[in-house]
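What's in data_27.pdb: PDB, C-alpha atoms
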MODEL        1
ATOM      1  CA  MET A   1     117.609 155.902 109.767
ATOM      2  CA  LEU A   2     114.023 154.728 109.545
ATOM      3  CA  THR A   3     112.519 153.073 112.594
ATOM      4  CA  LEU A   4     109.320 151.156 112.095
ATOM      5  CA  MET A   5     106.941 150.986 115.006
ATOM      6  CA  THR A   6     104.675 147.988 115.178
ATOM      7  CA  ARG A   7     101.839 147.451 117.560
ATOM      8  CA  SER A   8     100.486 144.178 118.685
ATOM      9  CA  ILE A   9      96.864 143.604 117.780
ATOM     10  CA  PRO A  10      95.024 141.405 120.286
ATOM     11  CA  ILE A  11      93.856 138.088 118.900
ATOM     12  CA  ALA A  12      90.211 138.627 119.709
ATOM     13  CA  CYS A  13      86.921 139.225 117.969
ATOM     14  CA  THR A  14      85.147 142.530 118.546
ATOM     15  CA  LEU A  15      81.647 141.342 117.592
ATOM     16  CA  THR A  16      78.880 141.419 120.177
ATOM     17  CA  ALA A  17      77.556 138.057 121.379
ATOM     18  CA  GLY A  18      74.510 138.295 119.100
ATOM     19  CA  SER A  19      76.506 139.353 116.050
ATOM     20  CA  LEU A  20      79.071 136.659 116.754
ATOM     21  CA  ALA A  21      76.383 133.963 116.854
ATOM     22  CA  ALA A  22      74.869 135.213 113.596
ATOM     23  CA  GLN A  23      78.278 135.345 111.897
ATOM     24  CA  ALA A  24      79.121 131.826 113.080
ATOM     25  CA  ARG A  25      75.821 130.517 111.682
ATOM     26  CA  ARG A  26      76.542 132.157 108.331
ATOM     27  CA  TRP A  27      79.996 130.548 108.205
ATOM     28  CA  GLU A  28      78.581 127.144 109.138
ATOM     29  CA  GLN A  29      75.917 127.356 106.441
ATOM     30  CA  LEU A  30      78.375 128.480 103.768
ATOM     31  CA  MET A  31      80.900 125.793 104.648
ATOM     32  CA  ALA A  32      78.258 123.069 104.735
ATOM     33  CA  ARG A  33      77.128 123.838 101.202
ATOM     34  CA  ALA A  34      80.239 125.152  99.451
ATOM     35  CA  LEU A  35      83.557 124.334 101.177
ATOM     36  CA  THR A  36      85.685 122.059  99.013
ATOM     37  CA  GLY A  37      89.071 122.211 100.732
ATOM     38  CA  ARG A  38      91.073 123.433 103.718
ATOM     39  CA  ASP A  39      94.849 123.788 103.791
ATOM     40  CA  GLU A  40      97.063 125.129 106.548
ATOM     41  CA  THR A  41      99.794 127.449 105.303
ATOM     42  CA  PRO A  42     102.906 128.639 107.157
ATOM     43  CA  ASP A  43     101.116 131.903 108.008
ATOM     44  CA  GLY A  44      97.461 130.857 108.149
ATOM     45  CA  LEU A  45      94.805 129.076 106.112
ATOM     46  CA  ARG A  46      93.632 128.624 102.567
ATOM     47  CA  LEU A  47      89.997 127.563 102.126
ATOM     48  CA  SER A  48      88.480 126.638  98.767
ATOM     49  CA  PHE A  49      84.794 127.107  97.974
ATOM     50  CA  ARG A  50      82.538 126.445  95.030
ATOM     51  CA  PRO A  51      82.427 129.476  92.684
ATOM     52  CA  GLU A  52      78.777 130.240  93.467
ATOM     53  CA  ALA A  53      79.767 131.038  97.073
ATOM     54  CA  GLU A  54      81.789 134.129  96.161
ATOM     55  CA  ASP A  55      79.215 136.798  97.084
ATOM     56  CA  GLU A  56      78.438 135.278 100.497
ATOM     57  CA  LEU A  57      82.138 134.661 101.142
ATOM     58  CA  ARG A  58      82.946 138.300 100.373
ATOM     59  CA  ALA A  59      80.146 139.440 102.703
ATOM     60  CA  LEU A  60      81.494 137.250 105.530
ATOM     61  CA  VAL A  61      85.051 138.463 104.940
ATOM     62  CA  ALA A  62      83.888 142.092 105.055
ATOM     63  CA  VAL A  63      82.647 141.457 108.607
ATOM     64  CA  GLU A  64      85.766 139.494 109.609
ATOM     65  CA  THR A  65      88.066 142.231 108.336
ATOM     66  CA  GLY A  66      86.395 144.663 110.723
ATOM     67  CA  CYS A  67      86.092 142.439 113.785
ATOM     68  CA  CYS A  68      89.294 140.422 113.524
ATOM     69  CA  ALA A  69      91.960 142.938 112.492
ATOM     70  CA  TRP A  70      94.715 140.614 113.716
ATOM     71  CA  ALA A  71      94.347 138.605 110.488
ATOM     72  CA  THR A  72      94.430 139.516 106.809
ATOM     73  CA  TRP A  73      91.471 138.140 104.849
ATOM     74  CA  THR A  74      91.521 137.864 101.033
ATOM     75  CA  VAL A  75      89.128 136.354  98.495
ATOM     76  CA  GLU A  76      90.405 135.281  95.085
ATOM     77  CA  PRO A  77      88.385 133.729  92.292
ATOM     78  CA  THR A  78      90.363 130.967  90.578
ATOM     79  CA  ASP A  79      89.579 128.555  87.795
ATOM     80  CA  GLY A  80      86.608 126.587  89.126
ATOM     81  CA  ALA A  81      86.762 127.846  92.734
ATOM     82  CA  VAL A  82      86.921 130.860  94.978
ATOM     83  CA  VAL A  83      89.735 130.827  97.535
ATOM     84  CA  LEU A  84      89.794 132.453 100.952
ATOM     85  CA  GLY A  85      93.263 133.233 102.249
ATOM     86  CA  VAL A  86      93.620 134.163 105.915
ATOM     87  CA  ARG A  87      97.039 135.195 107.203
ATOM     88  CA  SER A  88      98.504 136.364 110.483
ATOM     89  CA  ALA A  89     101.733 136.347 112.486
ATOM     90  CA  ASP A  90     102.978 134.925 115.758
ATOM     91  CA  GLU A  91     100.121 133.611 117.944
ATOM     92  CA  GLY A  92      97.647 134.480 115.204
ATOM     93  CA  ILE A  93      98.961 131.667 113.014
ATOM     94  CA  ALA A  94      98.191 128.984 115.595
ATOM     95  CA  THR A  95      94.772 130.530 116.122
ATOM     96  CA  LEU A  96      94.074 130.394 112.382
ATOM     97  CA  HIS A  97      95.223 126.778 112.222
ATOM     98  CA  GLY A  98      92.585 125.969 114.854
ATOM     99  CA  MET A  99      89.807 127.626 112.873
ATOM    100  CA  PHE A 100      87.404 126.024 110.421
ATOM    101  CA  THR A 101      88.140 122.511 111.694
ATOM    102  CA  ALA A 102      85.653 119.679 111.951
ATOM    103  CA  GLY A 103      84.062 119.172 115.340
ATOM    104  CA  ARG A 104      85.075 122.498 116.877
ATOM    105  CA  SER A 105      82.491 125.007 117.981
ATOM    106  CA  ALA A 106      82.429 128.728 117.303
ATOM    107  CA  ASP A 107      84.246 130.057 120.364
ATOM    108  CA  ARG A 108      85.606 133.511 119.762
ATOM    109  CA  THR A 109      85.845 134.843 123.295
ATOM    110  CA  SER A 110      89.633 134.991 123.275
ATOM    111  CA  ALA A 111      90.291 134.278 119.612
ATOM    112  CA  SER A 112      88.417 134.292 116.370
ATOM    113  CA  SER A 113      86.958 130.981 115.276
ATOM    114  CA  PRO A 114      84.203 131.502 112.720
ATOM    115  CA  GLY A 115      81.837 128.604 112.513
ATOM    116  CA  ARG A 116      82.615 124.973 112.210
ATOM    117  CA  GLY A 117      84.947 124.001 109.443
ATOM    118  CA  HIS A 118      86.125 120.933 107.670
ATOM    119  CA  ARG A 119      89.628 119.550 107.641
ATOM    120  CA  GLU A 120      88.852 117.185 104.807
ATOM    121  CA  SER A 121      88.418 118.168 101.171
ATOM    122  CA  ARG A 122      85.074 117.629  99.460
ATOM    123  CA  GLN A 123      84.287 117.766  95.771
TER     124      GLN A 123
ENDMDL
END
Show how you would write the structure in this file as structure tokens.
Amino acid sequence: MLTLMTRSIPIACTLTAGSLAAQARRWEQLMARALTGRDETPDGLRLSFRPEAEDELRALVAVETGCCAWATWTVEPTDGAVVLGVRSADEGIATLHGMFTAGRSADRTSASSPGRGHRESRQ
């Protein structure tokens, strides 16, 4: 019989205050110029960006993958866009649903919340 052991990963960001502020600014700048859509999924978020944002998006995701291990971050180029998928489980899903929303600040003291996002879609 195989028994799988799982461990709970805290829903928190491990960046220092200075690195967190810099990362949030980068997200805000990228979203302001390239975000075209935001969709909540049953296990997280799906954000669409203009294709020219792929390199910066991958750089941001590389940081997020290290500091926010409670979520799975993927970047996929599609026809005419680049899509960021962010997935989690349990409390992580609600945290993801609260991220990248218009009018919310970058508060990652107890949970990750990169930058300010947009609930609406823009073309």
Run through the PyMOL selection byres ((chain A and resi 34-46) around 12) on the given coordinates and return the selected residues as an MDAnalysis selection string.
chainID A and resid 26:33 47:57 70:76 80:102 116:123
Quick check, in Å to one decimal: how far apart do atom CA of Thr65 of chain A and atom CA of Thr78 of chain A lie?
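Calculated distance between atom CA of Thr65 of chain A and atom CA of Thr78 of chain A is 21.2 Å.
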Using atom CA of Ile9 of chain A and atom CA of Ala22 of chain A as the two end points, give the distance in Å to one decimal.
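Here the two named atoms are 23.9 Å from each other.
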What is the distance, in Å and to one decimal place, between atom CA of Ala24 of chain A and atom CA of Val61 of chain A?
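Separation of atom CA of Ala24 of chain A and atom CA of Val61 of chain A: 12.1 Å.
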